[in-house]
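A.B. asks: Data file entry.cif (mmCIF, C-alpha atoms; chains and numbers go by the auth columns) is appended below.
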```
data_work
#
loop_
_atom_site.group_PDB
_atom_site.id
_atom_site.type_symbol
_atom_site.label_atom_id
_atom_site.label_comp_id
_atom_site.label_asym_id
_atom_site.label_seq_id
_atom_site.Cartn_x
_atom_site.Cartn_y
_atom_site.Cartn_z
_atom_site.B_iso_or_equiv
_atom_site.auth_seq_id
_atom_site.auth_asym_id
ATOM 1 C CA MET A 1 -5.667 25.275 19.946 0.00 1 G
ATOM 2 C CA GLU A 2 -7.555 21.967 19.703 0.00 2 G
ATOM 3 C CA GLU A 3 -8.990 20.493 22.841 0.00 3 G
ATOM 4 C CA GLU A 4 -7.132 17.442 24.128 0.00 4 G
ATOM 5 C CA THR A 5 -9.507 14.479 23.826 0.00 5 G
ATOM 6 C CA ASP A 6 -7.225 11.474 24.332 0.00 6 G
ATOM 7 C CA THR A 7 -7.800 9.420 27.454 0.00 7 G
ATOM 8 C CA GLU A 8 -4.889 8.579 29.732 0.00 8 G
ATOM 9 C CA GLU A 9 -4.837 5.047 28.289 0.00 9 G
ATOM 10 C CA GLU A 10 -4.632 6.401 24.747 0.00 10 G
ATOM 11 C CA LYS A 11 -1.848 8.810 25.696 0.00 11 G
ATOM 12 C CA LEU A 12 0.097 5.976 27.290 0.00 12 G
ATOM 13 C CA LEU A 13 -0.343 3.688 24.290 0.00 13 G
ATOM 14 C CA LYS A 14 0.684 6.432 21.868 0.00 14 G
ATOM 15 C CA ARG A 15 3.839 7.111 23.851 0.00 15 G
ATOM 16 C CA GLN A 16 4.639 3.417 24.107 0.00 16 G
ATOM 17 C CA ARG A 17 4.142 2.958 20.364 0.00 17 G
ATOM 18 C CA ARG A 18 6.459 5.905 19.746 0.00 18 G
ATOM 19 C CA GLU A 19 9.076 4.413 22.070 0.00 19 G
ATOM 20 C CA ARG A 20 8.819 1.051 20.300 0.00 20 G
ATOM 21 C CA LYS A 21 9.322 2.766 16.960 0.00 21 G
ATOM 22 C CA GLU A 22 12.346 4.641 18.306 0.00 22 G
ATOM 23 C CA LEU A 23 13.764 1.414 19.711 0.00 23 G
ATOM 24 C CA GLN A 24 13.358 -0.324 16.355 0.00 24 G
ATOM 25 C CA ALA A 25 15.211 2.536 14.688 0.00 25 G
ATOM 26 C CA LYS A 26 17.988 2.213 17.262 0.00 26 G
ATOM 27 C CA ILE A 27 18.144 -1.549 16.721 0.00 27 G
ATOM 28 C CA GLN A 28 18.350 -1.059 12.974 0.00 28 G
ATOM 29 C CA GLY A 29 21.270 1.295 13.482 0.00 29 G
ATOM 30 C CA MET A 30 22.988 -1.291 15.663 0.00 30 G
ATOM 31 C CA LYS A 31 22.484 -3.931 12.971 0.00 31 G
ATOM 32 C CA ASN A 32 23.878 -1.695 10.265 0.00 32 G
ATOM 33 C CA ALA A 33 27.013 -1.166 12.344 0.00 33 G
ATOM 34 C CA VAL A 34 27.812 -4.888 12.583 0.00 34 G
ATOM 35 C CA PRO A 35 29.089 -6.737 9.478 0.00 35 G
ATOM 36 C CA LYS A 36 26.920 -9.704 8.516 0.00 36 G
ATOM 37 C CA ASN A 37 29.949 -11.993 8.322 0.00 37 G
ATOM 38 C CA ASP A 38 31.037 -11.192 11.890 0.00 38 G
ATOM 39 C CA LYS A 39 29.236 -14.087 13.571 0.00 39 G
ATOM 40 C CA LYS A 40 30.513 -13.335 17.061 0.00 40 G
ATOM 41 C CA ARG A 41 29.338 -9.733 17.047 0.00 41 G
ATOM 42 C CA ARG A 42 26.072 -10.691 15.327 0.00 42 G
ATOM 43 C CA LYS A 43 25.378 -13.189 18.099 0.00 43 G
ATOM 44 C CA GLN A 44 26.069 -10.548 20.731 0.00 44 G
ATOM 45 C CA LEU A 45 23.859 -8.138 18.796 0.00 45 G
ATOM 46 C CA THR A 46 20.965 -10.606 18.876 0.00 46 G
ATOM 47 C CA GLU A 47 21.323 -10.939 22.644 0.00 47 G
ATOM 48 C CA ASP A 48 21.478 -7.160 23.073 0.00 48 G
ATOM 49 C CA VAL A 49 18.369 -6.678 20.934 0.00 49 G
ATOM 50 C CA ALA A 50 16.451 -9.287 22.918 0.00 50 G
ATOM 51 C CA ARG A 51 17.519 -7.625 26.173 0.00 51 G
ATOM 52 C CA LEU A 52 16.474 -4.144 25.024 0.00 52 G
ATOM 53 C CA GLU A 53 13.087 -5.393 23.854 0.00 53 G
ATOM 54 C CA ALA A 54 12.516 -7.368 27.052 0.00 54 G
ATOM 55 C CA GLU A 55 13.402 -4.346 29.194 0.00 55 G
ATOM 56 C CA MET A 56 10.990 -2.156 27.256 0.00 56 G
ATOM 57 C CA ASP A 57 8.214 -4.762 27.449 0.00 57 G
ATOM 58 C CA GLU A 58 8.658 -5.048 31.212 0.00 58 G
ATOM 59 C CA ARG A 59 8.650 -1.270 31.684 0.00 59 G
ATOM 60 C CA HIS A 60 5.582 -0.842 29.493 0.00 60 G
ATOM 61 C CA GLN A 61 3.745 -3.548 31.414 0.00 61 G
ATOM 62 C CA GLN A 62 4.564 -1.826 34.703 0.00 62 G
ATOM 63 C CA GLU A 63 3.301 1.477 33.303 0.00 63 G
ATOM 64 C CA VAL A 64 0.024 -0.130 32.264 0.00 64 G
ATOM 65 C CA GLU A 65 -0.482 -1.700 35.687 0.00 65 G
ATOM 66 C CA HIS A 66 0.318 1.597 37.409 0.00 66 G
ATOM 67 C CA LEU A 67 -2.138 3.458 35.168 0.00 67 G
ATOM 68 C CA ARG A 68 -4.876 0.938 35.899 0.00 68 G
ATOM 69 C CA LEU A 69 -4.341 1.480 39.623 0.00 69 G
ATOM 70 C CA GLU A 70 -4.482 5.261 39.225 0.00 70 G
ATOM 71 C CA ILE A 71 -7.653 5.039 37.127 0.00 71 G
ATOM 72 C CA SER A 72 -9.257 2.831 39.758 0.00 72 G
ATOM 73 C CA LYS A 73 -8.488 5.420 42.432 0.00 73 G
ATOM 74 C CA GLN A 74 -9.802 8.218 40.229 0.00 74 G
ATOM 75 C CA VAL A 75 -13.065 6.354 39.627 0.00 75 G
ATOM 76 C CA GLU A 76 -13.576 6.040 43.376 0.00 76 G
ATOM 77 C CA VAL A 77 -13.000 9.767 43.858 0.00 77 G
ATOM 78 C CA GLU A 78 -15.357 10.682 41.011 0.00 78 G
ATOM 79 C CA SER A 79 -18.011 8.353 42.385 0.00 79 G
ATOM 80 C CA LEU A 80 -17.798 10.074 45.755 0.00 80 G
ATOM 81 C CA ALA A 81 -17.947 13.508 44.136 0.00 81 G
ATOM 82 C CA ASN A 82 -20.988 12.502 42.098 0.00 82 G
ATOM 83 C CA GLY A 83 -22.705 11.316 45.247 0.00 83 G
ATOM 84 C CA ILE A 84 -22.078 14.643 46.947 0.00 84 G
ATOM 85 C CA GLY A 85 -23.326 16.516 43.891 0.00 85 G
ATOM 86 C CA LYS A 86 -26.505 14.477 43.870 0.00 86 G
ATOM 87 C CA LEU A 87 -27.160 15.284 47.508 0.00 87 G
ATOM 88 C CA GLU A 88 -26.669 18.978 46.822 0.00 88 G
ATOM 89 C CA CYS A 89 -29.186 18.820 43.983 0.00 89 G
ATOM 90 C CA GLU A 90 -31.676 17.110 46.241 0.00 90 G
ATOM 91 C CA ASP A 91 -31.226 19.945 48.720 0.00 91 G
ATOM 92 C CA GLY A 92 -32.568 22.318 46.112 0.00 92 G
ATOM 93 C CA GLU A 93 -29.499 23.748 44.421 0.00 93 G
ATOM 94 C CA LYS A 94 -30.386 24.888 40.914 0.00 94 G
ATOM 95 C CA THR A 95 -28.496 23.614 37.898 0.00 95 G
ATOM 96 C CA ALA A 96 -27.543 25.718 34.915 0.00 96 G
ATOM 97 C CA GLN A 97 -30.071 25.827 32.115 0.00 97 G
ATOM 98 C CA HIS A 98 -28.913 24.935 28.613 0.00 98 G
ATOM 99 C CA SER A 99 -30.658 25.488 25.327 0.00 99 G
ATOM 100 C CA ARG A 100 -32.023 22.394 23.606 0.00 100 G
ATOM 101 C CA PRO A 101 -29.531 21.083 21.010 0.00 101 G
ATOM 102 C CA THR A 102 -30.539 21.027 17.356 0.00 102 G
ATOM 103 C CA LYS A 103 -31.021 17.790 15.418 0.00 103 G
ATOM 104 C CA ALA A 104 -27.795 18.426 13.530 0.00 104 G
ATOM 105 C CA GLN A 105 -25.915 18.893 16.801 0.00 105 G
ATOM 106 C CA LYS A 106 -27.436 15.695 18.158 0.00 106 G
ATOM 107 C CA ARG A 107 -26.212 13.807 15.083 0.00 107 G
ATOM 108 C CA ARG A 108 -22.733 15.267 15.468 0.00 108 G
ATOM 109 C CA ASP A 109 -22.682 14.422 19.161 0.00 109 G
ATOM 110 C CA LYS A 110 -23.826 10.869 18.469 0.00 110 G
ATOM 111 C CA LYS A 111 -21.188 10.400 15.783 0.00 111 G
ATOM 112 C CA ALA A 112 -18.487 11.795 18.070 0.00 112 G
ATOM 113 C CA ALA A 113 -19.625 9.549 20.917 0.00 113 G
ATOM 114 C CA LEU A 114 -19.530 6.456 18.709 0.00 114 G
ATOM 115 C CA GLU A 115 -16.059 7.344 17.449 0.00 115 G
ATOM 116 C CA LYS A 116 -14.857 7.946 20.999 0.00 116 G
ATOM 117 C CA GLU A 117 -16.314 4.624 22.108 0.00 117 G
ATOM 118 C CA ARG A 118 -14.573 2.855 19.221 0.00 118 G
ATOM 119 C CA GLU A 119 -11.224 4.427 20.114 0.00 119 G
ATOM 120 C CA GLU A 120 -11.658 3.471 23.763 0.00 120 G
ATOM 121 C CA ARG A 121 -12.391 -0.146 22.800 0.00 121 G
ATOM 122 C CA ILE A 122 -9.250 -0.184 20.670 0.00 122 G
ATOM 123 C CA ALA A 123 -7.200 1.287 23.525 0.00 123 G
ATOM 124 C CA GLU A 124 -8.589 -1.254 25.995 0.00 124 G
ATOM 125 C CA ALA A 125 -7.825 -4.101 23.606 0.00 125 G
ATOM 126 C CA GLU A 126 -4.247 -2.927 23.176 0.00 126 G
ATOM 127 C CA ILE A 127 -3.780 -2.688 26.941 0.00 127 G
ATOM 128 C CA GLU A 128 -5.126 -6.220 27.348 0.00 128 G
ATOM 129 C CA ASN A 129 -2.824 -7.437 24.587 0.00 129 G
ATOM 130 C CA LEU A 130 0.218 -6.284 26.560 0.00 130 G
ATOM 131 C CA SER A 131 -0.359 -9.105 29.040 0.00 131 G
ATOM 132 C CA GLY A 132 -2.072 -11.558 26.696 0.00 132 G
ATOM 133 C CA VAL A 133 -0.960 -14.662 24.829 0.00 133 G
ATOM 134 C CA ARG A 134 -0.759 -12.749 21.560 0.00 134 G
ATOM 135 C CA HIS A 135 1.728 -10.285 23.029 0.00 135 G
ATOM 136 C CA LEU A 136 3.903 -13.103 24.378 0.00 136 G
ATOM 137 C CA GLU A 137 3.844 -14.797 20.977 0.00 137 G
ATOM 138 C CA ASN A 138 4.873 -11.543 19.306 0.00 138 G
ATOM 139 C CA GLN A 139 7.769 -11.224 21.739 0.00 139 G
ATOM 140 C CA LYS A 140 9.039 -14.697 20.879 0.00 140 G
ATOM 141 C CA LEU A 141 8.545 -14.110 17.171 0.00 141 G
ATOM 142 C CA GLY A 142 10.357 -10.781 17.448 0.00 142 G
ATOM 143 C CA HIS A 143 13.374 -12.466 18.998 0.00 143 G
ATOM 144 C CA VAL A 144 13.473 -15.083 16.242 0.00 144 G
ATOM 145 C CA LEU A 145 13.183 -12.438 13.527 0.00 145 G
ATOM 146 C CA ALA A 146 15.864 -10.279 15.156 0.00 146 G
ATOM 147 C CA GLY A 147 18.322 -13.130 14.759 0.00 147 G
ATOM 148 C CA ARG A 148 17.576 -13.125 11.031 0.00 148 G
ATOM 149 C CA GLY A 149 17.866 -9.394 10.565 0.00 149 G
ATOM 150 C CA LEU A 150 14.083 -8.953 10.330 0.00 150 G
ATOM 151 C CA GLN A 151 11.506 -7.204 12.480 0.00 151 G
ATOM 152 C CA ILE A 152 7.772 -6.922 13.117 0.00 152 G
ATOM 153 C CA LYS A 153 6.232 -3.707 11.838 0.00 153 G
ATOM 154 C CA GLN A 154 3.690 -2.225 14.211 0.00 154 G
ATOM 155 C CA ILE A 155 0.450 -1.124 12.535 0.00 155 G
ATOM 156 C CA PRO A 156 -1.966 0.975 14.649 0.00 156 G
ATOM 157 C CA SER A 157 -5.335 -0.661 15.372 0.00 157 G
ATOM 158 C CA ASP A 158 -7.405 2.239 14.099 0.00 158 G
ATOM 159 C CA GLY A 159 -9.788 0.406 11.772 0.00 159 G
ATOM 160 C CA HIS A 160 -7.476 0.960 8.801 0.00 160 G
ATOM 161 C CA CYS A 161 -4.853 -1.559 9.955 0.00 161 G
ATOM 162 C CA MET A 162 -5.340 -4.099 7.153 0.00 162 G
ATOM 163 C CA TYR A 163 -5.132 -1.434 4.480 0.00 163 G
ATOM 164 C CA ARG A 164 -2.171 0.274 6.155 0.00 164 G
ATOM 165 C CA ALA A 165 -0.310 -3.043 6.253 0.00 165 G
ATOM 166 C CA VAL A 166 -1.002 -3.638 2.553 0.00 166 G
ATOM 167 C CA GLU A 167 -0.024 -0.053 1.745 0.00 167 G
ATOM 168 C CA ASP A 168 3.263 -0.496 3.609 0.00 168 G
ATOM 169 C CA GLN A 169 4.182 -3.710 1.809 0.00 169 G
ATOM 170 C CA LEU A 170 3.206 -2.384 -1.623 0.00 170 G
ATOM 171 C CA LYS A 171 5.437 0.649 -1.060 0.00 171 G
ATOM 172 C CA GLU A 172 8.322 -1.773 -0.571 0.00 172 G
ATOM 173 C CA ARG A 173 7.622 -2.858 -4.158 0.00 173 G
ATOM 174 C CA GLY A 174 7.436 0.653 -5.549 0.00 174 G
ATOM 175 C CA SER A 175 3.661 1.142 -5.423 0.00 175 G
ATOM 176 C CA MET A 176 2.280 4.628 -4.749 0.00 176 G
ATOM 177 C CA LEU A 177 -1.240 3.506 -3.810 0.00 177 G
ATOM 178 C CA THR A 178 -2.672 5.355 -0.822 0.00 178 G
ATOM 179 C CA LEU A 179 -4.888 4.002 1.928 0.00 179 G
ATOM 180 C CA ALA A 180 -7.912 5.770 0.435 0.00 180 G
ATOM 181 C CA GLN A 181 -7.190 4.277 -2.987 0.00 181 G
ATOM 182 C CA LEU A 182 -6.822 0.799 -1.523 0.00 182 G
ATOM 183 C CA ARG A 183 -10.197 1.080 0.179 0.00 183 G
ATOM 184 C CA SER A 184 -11.881 2.485 -2.911 0.00 184 G
ATOM 185 C CA GLN A 185 -10.429 -0.088 -5.316 0.00 185 G
ATOM 186 C CA THR A 186 -11.236 -2.966 -2.954 0.00 186 G
ATOM 187 C CA ALA A 187 -14.862 -1.846 -2.678 0.00 187 G
ATOM 188 C CA GLN A 188 -15.107 -1.397 -6.448 0.00 188 G
ATOM 189 C CA TYR A 189 -13.741 -4.886 -7.057 0.00 189 G
ATOM 190 C CA MET A 190 -16.258 -6.409 -4.641 0.00 190 G
ATOM 191 C CA GLN A 191 -19.101 -4.467 -6.265 0.00 191 G
ATOM 192 C CA GLY A 192 -17.988 -5.743 -9.663 0.00 192 G
ATOM 193 C CA HIS A 193 -17.880 -9.359 -8.450 0.00 193 G
ATOM 194 C CA VAL A 194 -20.948 -9.520 -6.229 0.00 194 G
ATOM 195 C CA ASP A 195 -21.469 -13.277 -6.600 0.00 195 G
ATOM 196 C CA ASP A 196 -17.986 -13.947 -5.224 0.00 196 G
ATOM 197 C CA PHE A 197 -18.615 -12.069 -1.982 0.00 197 G
ATOM 198 C CA LEU A 198 -22.318 -11.650 -1.224 0.00 198 G
ATOM 199 C CA PRO A 199 -22.921 -15.312 -0.171 0.00 199 G
ATOM 200 C CA PHE A 200 -20.369 -14.894 2.628 0.00 200 G
ATOM 201 C CA LEU A 201 -21.982 -11.842 4.232 0.00 201 G
ATOM 202 C CA ILE A 202 -24.543 -12.833 6.858 0.00 202 G
ATOM 203 C CA THR A 203 -26.718 -10.728 9.152 0.00 203 G
ATOM 204 C CA PRO A 204 -25.830 -12.032 12.663 0.00 204 G
ATOM 205 C CA SER A 205 -29.267 -11.405 14.162 0.00 205 G
ATOM 206 C CA THR A 206 -31.180 -13.362 11.500 0.00 206 G
ATOM 207 C CA GLY A 207 -28.641 -15.600 9.784 0.00 207 G
ATOM 208 C CA ASP A 208 -29.829 -14.293 6.411 0.00 208 G
ATOM 209 C CA VAL A 209 -27.512 -13.448 3.543 0.00 209 G
ATOM 210 C CA TYR A 210 -27.125 -9.732 2.910 0.00 210 G
ATOM 211 C CA THR A 211 -29.613 -8.133 0.579 0.00 211 G
ATOM 212 C CA PRO A 212 -28.206 -6.212 -2.428 0.00 212 G
ATOM 213 C CA GLU A 213 -28.917 -2.988 -0.547 0.00 213 G
ATOM 214 C CA GLU A 214 -27.033 -4.211 2.523 0.00 214 G
ATOM 215 C CA PHE A 215 -24.141 -5.290 0.323 0.00 215 G
ATOM 216 C CA GLU A 216 -23.964 -1.807 -1.221 0.00 216 G
ATOM 217 C CA LYS A 217 -23.968 -0.306 2.282 0.00 217 G
ATOM 218 C CA TYR A 218 -21.163 -2.696 3.262 0.00 218 G
ATOM 219 C CA CYS A 219 -19.053 -1.582 0.292 0.00 219 G
ATOM 220 C CA ASP A 220 -19.854 2.058 0.964 0.00 220 G
ATOM 221 C CA ASP A 221 -18.579 1.638 4.526 0.00 221 G
ATOM 222 C CA ILE A 222 -15.316 0.230 3.178 0.00 222 G
ATOM 223 C CA VAL A 223 -14.747 3.484 1.310 0.00 223 G
ATOM 224 C CA ASN A 224 -16.149 6.057 3.707 0.00 224 G
ATOM 225 C CA THR A 225 -15.600 4.703 7.229 0.00 225 G
ATOM 226 C CA PRO A 226 -12.719 3.142 9.198 0.00 226 G
ATOM 227 C CA ALA A 227 -14.428 -0.258 8.946 0.00 227 G
ATOM 228 C CA TRP A 228 -12.078 -3.132 9.745 0.00 228 G
ATOM 229 C CA GLY A 229 -10.927 -5.216 6.809 0.00 229 G
ATOM 230 C CA GLY A 230 -11.511 -8.958 7.096 0.00 230 G
ATOM 231 C CA GLN A 231 -10.986 -12.090 5.040 0.00 231 G
ATOM 232 C CA LEU A 232 -13.212 -10.902 2.194 0.00 232 G
ATOM 233 C CA GLU A 233 -11.369 -7.604 1.898 0.00 233 G
ATOM 234 C CA VAL A 234 -7.990 -9.349 1.982 0.00 234 G
ATOM 235 C CA TYR A 235 -9.139 -11.732 -0.754 0.00 235 G
ATOM 236 C CA ALA A 236 -10.463 -8.898 -2.910 0.00 236 G
ATOM 237 C CA THR A 237 -7.270 -6.888 -2.430 0.00 237 G
ATOM 238 C CA CYS A 238 -5.137 -9.874 -3.458 0.00 238 G
ATOM 239 C CA LEU A 239 -7.126 -10.263 -6.655 0.00 239 G
ATOM 240 C CA TRP A 240 -7.183 -6.687 -7.876 0.00 240 G
ATOM 241 C CA THR A 241 -3.574 -5.924 -6.880 0.00 241 G
ATOM 242 C CA ARG A 242 -2.446 -9.314 -8.227 0.00 242 G
ATOM 243 C CA ARG A 243 -0.331 -9.770 -5.121 0.00 243 G
ATOM 244 C CA ALA A 244 -0.107 -12.629 -2.647 0.00 244 G
ATOM 245 C CA LEU A 245 -0.737 -11.127 0.779 0.00 245 G
#
```
Would you mind writing the file out in structure tokens?
C.D. replies:
Amino acid sequence: MEEETDTEEEKLLKRQRRERKELQAKIQGMKNAVPKNDKKRRKQLTEDVARLEAEMDERHQQEVEHLRLEISKQVEVESLANGIGKLECEDGEKTAQHSRPTKAQKRRDKKAALEKEREERIAEAEIENLSGVRHLENQKLGHVLAGRGLQIKQIPSDGHCMYRAVEDQLKERGSMLTLAQLRSQTAQYMQGHVDDFLPFLITPSTGDVYTPEEFEKYCDDIVNTPAWGGQLEVYATCLWTRRAL
């Protein structure tokens, strides 16, 4: 059995995303049950949808605030426990001896730590978004779309979000391209049209344009890591898929 590695914030966000998905499925079922030409029932449906979404948003916000309070209490307890442990060590209590990790293990540990840190940053950003301007805008937009029989599709912020969104929309048009293929083809297109992309890649610390080697590393990361897709990747994807995104 695999060891559970998700933080409490990540568990909460996963559950909330699942609940949102289930709610959207329920809403879709409600829409399918009401004829489009029945204006009175469609109006009531829109109000019901808005109410259900608002209730879920309020409950999710309360859960986030409660979790933050619990985490704050836990941090205080852990800080106290660490202080006691430090005093015990100073009193001469011996600690367990561990063998020195190998270089390969150190690399694996570093990679795992970086991945964990990235996931925690994503989780923190999503928690902040629940009470931010962006979340409020999405709520309003969701209500407008609901009245038109449309909905916002939630894409997880896991580094692959741009490619997952493109993959989802292309499937609506019968495409069978996978996320991995989208990343690979996008990188290949950029590598085949270096002059169209290289001038827009700048090293933040120096302000210099990427070297050819840095550009190759950038494209390699597109294929082999969950690197976020930005404007350049969107542009490249539009060109090689011949789709307006």
A.B. asks: Could you please determine the separation between CA of Ile222 (chain G) and CA of Gln181 (chain G) in Å, to one decimal place?
C.D. replies: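 Those two atoms sit 11.0 Å apart.
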A.B. asks: Here's the selection I'm unsure about, the PyMOL selection byres ((chain G and resi 241) around 12); applied to the file above, which residues does it give, as a list in words?
C.D. replies: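 Answer for the PyMOL selection byres ((chain G and resi 241) around 12): Val166, Glu167, Gln169, Leu170, Arg173, Ser175, Leu177, Gln181, Leu182, Arg183, Gln185, Thr186, Tyr189, Glu233, Val234, Tyr235, Ala236, Thr237, Cys238, Leu239, Trp240, Arg242, Arg243, Ala244 and Leu245 of chain G.
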A.B. asks: Using all atoms listed in the file for the distances, tell me which of G:His193, G:Lys21, G:Lys26, G:Arg164 is nearest to Gly229 (chain G).
C.D. replies: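 Distance minimum relative to Gly229 (chain G) lands on G:Arg164.
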A.B. asks: As JSON, numbers by chain, please: the residues near Asp6 (chain G) (cut-off 12 Å, only C-alpha atoms, same-chain neighbours under 3 positions excluded).
C.D. replies: {"G": [2, 3, 9, 10, 11, 12, 13, 14, 15, 115, 116, 117, 119, 120, 123]}
A.B. asks: Do you know which residues are at most 12 Å from Phe197 (chain G) counting all atoms listed in the file, after dropping those on the same chain fewer than 6 positions away, and could you put them as a PyMOL selection string?
C.D. replies: chain G and resi 186-187+189-191+209-212+215-216+218-219+230-236
A.B. asks: Between G:Glu19, G:Glu47, G:Leu201, G:Ile152, which one has atoms that come closest to His60 (chain G), using all atoms listed in the file?
C.D. replies: G:Glu19
A.B. asks: Starting from the PyMOL selection byres ((chain G and resi 150) around 12), expand the selection into actual residues of this file and give them as a ChimeraX atom specification.
C.D. replies: /G:24,27-28,31,46,49,141-149,151-153
A.B. asks: Give me, please, the distance in Å between CA of Ala25 (chain G) and CA of Arg68 (chain G), quoted to one decimal.
C.D. replies: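 Straight-line distance from CA of Ala25 (chain G) to CA of Arg68 (chain G) works out to 29.3 Å.
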A.B. asks: Just need the box for region 98-110 of chain G, edges along x, y and z, holding every atom the file lists for it with 5 Å tacked onto each side, so centre and edge lengths in Å to one decimal, as lines of an AutoDock Vina configuration file.
C.D. replies:
```
center_x = -27.4
center_y = 18.2
center_z = 21.1
size_x = 19.3
size_y = 24.6
size_z = 25.1
```
A.B. asks: I'd like the contact shell of Glu55 (chain G) - 12 Å cut-off, all atoms listed in the file, skipping same-chain residues fewer than 5 positions apart - returned as a list of chain:residue names.
C.D. replies: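 Near Glu55 (chain G), the qualifying residues are G:Arg20, G:Leu23, G:Asp48, G:Val49, G:Ala50, G:His60, G:Gln61, G:Gln62, G:Gln139.
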A.B. asks: Measuring between all atoms listed in the file, which one of G:Ala113, G:Leu198, G:Asp158, G:Pro204 shows the shortest distance to Lys217 (chain G)?
C.D. replies: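 Answer, going by the shortest atom-to-atom distance: G:Leu198.
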